[in-house]
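Visitor: Data: protein_28.tsv, TSV, N, CA and C atoms.
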chain	number	residue	atom	x	y	z
A	6	MET	N	-101.84	42.60	54.94
A	6	MET	CA	-101.31	43.75	54.26
A	6	MET	C	-99.90	44.08	54.77
A	7	LEU	N	-99.67	43.90	56.05
A	7	LEU	CA	-98.36	44.17	56.61
A	7	LEU	C	-97.33	43.20	56.05
A	8	ALA	N	-97.74	41.96	55.81
A	8	ALA	CA	-96.81	40.97	55.27
A	8	ALA	C	-96.35	41.35	53.86
A	9	LYS	N	-97.18	42.05	53.14
A	9	LYS	CA	-96.85	42.43	51.77
A	9	LYS	C	-95.77	43.51	51.74
A	10	TYR	N	-95.76	44.39	52.73
A	10	TYR	CA	-94.86	45.53	52.73
A	10	TYR	C	-93.76	45.45	53.80
A	11	TRP	N	-93.48	44.27	54.36
A	11	TRP	CA	-92.55	44.18	55.48
A	11	TRP	C	-91.13	44.60	55.10
A	12	LYS	N	-90.69	44.33	53.88
A	12	LYS	CA	-89.34	44.74	53.47
A	12	LYS	C	-89.22	46.26	53.41
A	13	LYS	N	-90.24	46.92	52.85
A	13	LYS	CA	-90.21	48.37	52.76
A	13	LYS	C	-90.29	49.01	54.15
A	14	ILE	N	-91.11	48.44	55.01
A	14	ILE	CA	-91.23	48.97	56.37
A	14	ILE	C	-89.92	48.79	57.13
A	15	GLY	N	-89.30	47.62	57.00
A	15	GLY	CA	-88.02	47.36	57.65
A	15	GLY	C	-86.93	48.29	57.15
A	16	LEU	N	-86.89	48.50	55.83
A	16	LEU	CA	-85.90	49.40	55.25
A	16	LEU	C	-86.11	50.83	55.72
A	17	PHE	N	-87.36	51.25	55.81
A	17	PHE	CA	-87.67	52.59	56.30
A	17	PHE	C	-87.22	52.77	57.75
A	18	ILE	N	-87.49	51.77	58.58
A	18	ILE	CA	-87.07	51.83	59.98
A	18	ILE	C	-85.55	51.86	60.08
A	19	LEU	N	-84.87	51.08	59.25
A	19	LEU	CA	-83.40	51.06	59.24
A	19	LEU	C	-82.83	52.40	58.84
A	20	ILE	N	-83.40	53.02	57.83
A	20	ILE	CA	-82.93	54.33	57.37
A	20	ILE	C	-83.13	55.38	58.46
A	21	ILE	N	-84.28	55.37	59.11
A	21	ILE	CA	-84.55	56.32	60.19
A	21	ILE	C	-83.56	56.11	61.33
A	22	ALA	N	-83.28	54.85	61.68
A	22	ALA	CA	-82.33	54.57	62.77
A	22	ALA	C	-80.93	55.06	62.42
A	23	CYS	N	-80.51	54.87	61.18
A	23	CYS	CA	-79.19	55.32	60.75
A	23	CYS	C	-79.10	56.85	60.78
A	24	ILE	N	-80.13	57.52	60.31
A	24	ILE	CA	-80.14	58.98	60.33
A	24	ILE	C	-80.09	59.49	61.77
A	25	PHE	N	-80.87	58.87	62.65
A	25	PHE	CA	-80.87	59.27	64.05
A	25	PHE	C	-79.49	59.07	64.67
A	26	ASN	N	-78.83	57.95	64.36
A	26	ASN	CA	-77.50	57.66	64.89
A	26	ASN	C	-76.49	58.69	64.41
A	27	ILE	N	-76.51	59.01	63.13
A	27	ILE	CA	-75.57	59.98	62.56
A	27	ILE	C	-75.80	61.36	63.17
A	28	MET	N	-77.05	61.76	63.28
A	28	MET	CA	-77.36	63.09	63.84
A	28	MET	C	-76.93	63.18	65.30
A	29	SER	N	-77.15	62.13	66.07
A	29	SER	CA	-76.76	62.19	67.48
A	29	SER	C	-75.24	62.25	67.62
A	30	ARG	N	-74.51	61.59	66.73
A	30	ARG	CA	-73.05	61.67	66.77
A	30	ARG	C	-72.56	63.06	66.38
A	31	LEU	N	-73.20	63.69	65.42
A	31	LEU	CA	-72.79	65.02	65.02
A	31	LEU	C	-73.07	66.05	66.10
A	32	VAL	N	-74.19	65.90	66.79
A	32	VAL	CA	-74.56	66.84	67.83
A	32	VAL	C	-73.61	66.71	69.02
A	33	ASN	N	-73.24	65.50	69.38
A	33	ASN	CA	-72.41	65.26	70.56
A	33	ASN	C	-70.92	65.16	70.25
A	34	LYS	N	-70.51	65.53	69.05
A	34	LYS	CA	-69.13	65.38	68.65
A	34	LYS	C	-68.24	66.38	69.39
A	35	MET	N	-67.11	65.87	69.88
A	35	MET	CA	-66.13	66.73	70.51
A	35	MET	C	-65.34	67.47	69.44
A	36	SER	N	-64.87	68.65	69.77
A	36	SER	CA	-64.06	69.38	68.82
A	36	SER	C	-62.68	68.73	68.73
A	37	LEU	N	-61.98	69.00	67.65
A	37	LEU	CA	-60.66	68.42	67.45
A	37	LEU	C	-59.71	68.83	68.56
A	38	LYS	N	-59.79	70.07	68.98
A	38	LYS	CA	-58.91	70.55	70.04
A	38	LYS	C	-59.15	69.77	71.33
A	39	GLU	N	-60.40	69.54	71.68
A	39	GLU	CA	-60.72	68.79	72.90
A	39	GLU	C	-60.23	67.35	72.80
A	40	GLU	N	-60.37	66.74	71.62
A	40	GLU	CA	-59.89	65.37	71.45
A	40	GLU	C	-58.38	65.29	71.58
A	41	LEU	N	-57.66	66.26	71.00
A	41	LEU	CA	-56.21	66.27	71.10
A	41	LEU	C	-55.76	66.49	72.54
A	42	GLU	N	-56.43	67.39	73.25
A	42	GLU	CA	-56.09	67.62	74.65
A	42	GLU	C	-56.34	66.37	75.50
A	43	ALA	N	-57.44	65.69	75.24
A	43	ALA	CA	-57.75	64.48	75.99
A	43	ALA	C	-56.72	63.39	75.69
A	44	SER	N	-56.31	63.27	74.44
A	44	SER	CA	-55.30	62.28	74.08
A	44	SER	C	-53.96	62.61	74.73
A	45	ALA	N	-53.58	63.86	74.72
A	45	ALA	CA	-52.31	64.27	75.33
A	45	ALA	C	-52.33	64.01	76.83
A	46	THR	N	-53.44	64.29	77.48
A	46	THR	CA	-53.57	64.04	78.92
A	46	THR	C	-53.45	62.54	79.21
A	47	TYR	N	-54.08	61.73	78.39
A	47	TYR	CA	-54.03	60.29	78.58
A	47	TYR	C	-52.60	59.77	78.42
A	48	VAL	N	-51.89	60.25	77.41
A	48	VAL	CA	-50.51	59.82	77.18
A	48	VAL	C	-49.63	60.23	78.35
A	49	GLU	N	-49.82	61.45	78.85
A	49	GLU	CA	-49.04	61.92	80.01
A	49	GLU	C	-49.30	61.02	81.23
A	50	GLN	N	-50.55	60.68	81.47
A	50	GLN	CA	-50.89	59.83	82.60
A	50	GLN	C	-50.25	58.46	82.46
A	51	GLN	N	-50.26	57.91	81.25
A	51	GLN	CA	-49.65	56.60	81.03
A	51	GLN	C	-48.15	56.65	81.27
A	52	LYS	N	-47.49	57.70	80.80
A	52	LYS	CA	-46.05	57.85	81.02
A	52	LYS	C	-45.74	57.99	82.51
A	53	ASN	N	-46.55	58.78	83.21
A	53	ASN	CA	-46.33	58.95	84.65
A	53	ASN	C	-46.51	57.64	85.39
A	54	SER	N	-47.52	56.87	85.04
A	54	SER	CA	-47.75	55.60	85.73
A	54	SER	C	-46.63	54.61	85.41
A	55	GLU	N	-46.10	54.64	84.19
A	55	GLU	CA	-44.97	53.77	83.84
A	55	GLU	C	-43.72	54.17	84.62
A	56	ASN	N	-43.49	55.45	84.75
A	56	ASN	CA	-42.33	55.93	85.51
A	56	ASN	C	-42.43	55.55	86.97
A	57	LYS	N	-43.63	55.64	87.55
A	57	LYS	CA	-43.82	55.26	88.94
A	57	LYS	C	-43.57	53.77	89.13
A	58	ASN	N	-44.02	52.97	88.15
A	58	ASN	CA	-43.80	51.53	88.24
A	58	ASN	C	-42.32	51.19	88.10
A	59	LEU	N	-41.58	51.93	87.29
A	59	LEU	CA	-40.15	51.67	87.12
A	59	LEU	C	-39.36	52.11	88.34
A	60	ASP	N	-39.83	53.13	89.04
A	60	ASP	CA	-39.13	53.63	90.22
A	60	ASP	C	-39.26	52.67	91.40
A	61	LYS	N	-40.30	51.88	91.41
A	61	LYS	CA	-40.52	50.96	92.55
A	61	LYS	C	-39.58	49.82	92.55
Please go through the file and, once you have read it, give me the structure as structure tokens.
Guide:
Amino acid sequence: MLAKYWKKIGLFILIIACIFNIMSRLVNKMSLKEELEASATYVEQQKNSENKNLDK
């Protein structure tokens, strides 16, 4: 009986996994402000490290 419905069972499992993945990303999503601040901090650190390397 399982062999008869394996495509439907696989599709159901795939849909559940996709929904779980999307929901976990939405719950753990950073706000735009936090992402922009993190990006700005990273760029500043890269510039500082480049300046230190050029000064040596």
Visitor: Would you compute an axis-aligned box for stretch 33-36 of chain A, covering every atom listed for it in the file with 5 Å of margin on each side, and report centre and edge lengths in Å to one decimal as JSON?
Guide:
{"center_x": -68.0, "center_y": 67.3, "center_z": 69.6, "size_x": 20.6, "size_y": 14.2, "size_z": 11.9}
Visitor: Mind giving me the straight-line distance from atom N of A:Asn33 to atom N of A:Gly15 in Å, one decimal?
Guide: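 Between atom N of A:Asn33 and atom N of A:Gly15 the gap works out to 27.0 Å.
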Visitor: Just how far from atom C of A:Ile24 is atom N of A:Ser36, in Å to one decimal?
Guide: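 Computing it gives 19.5 Å between the two atoms.
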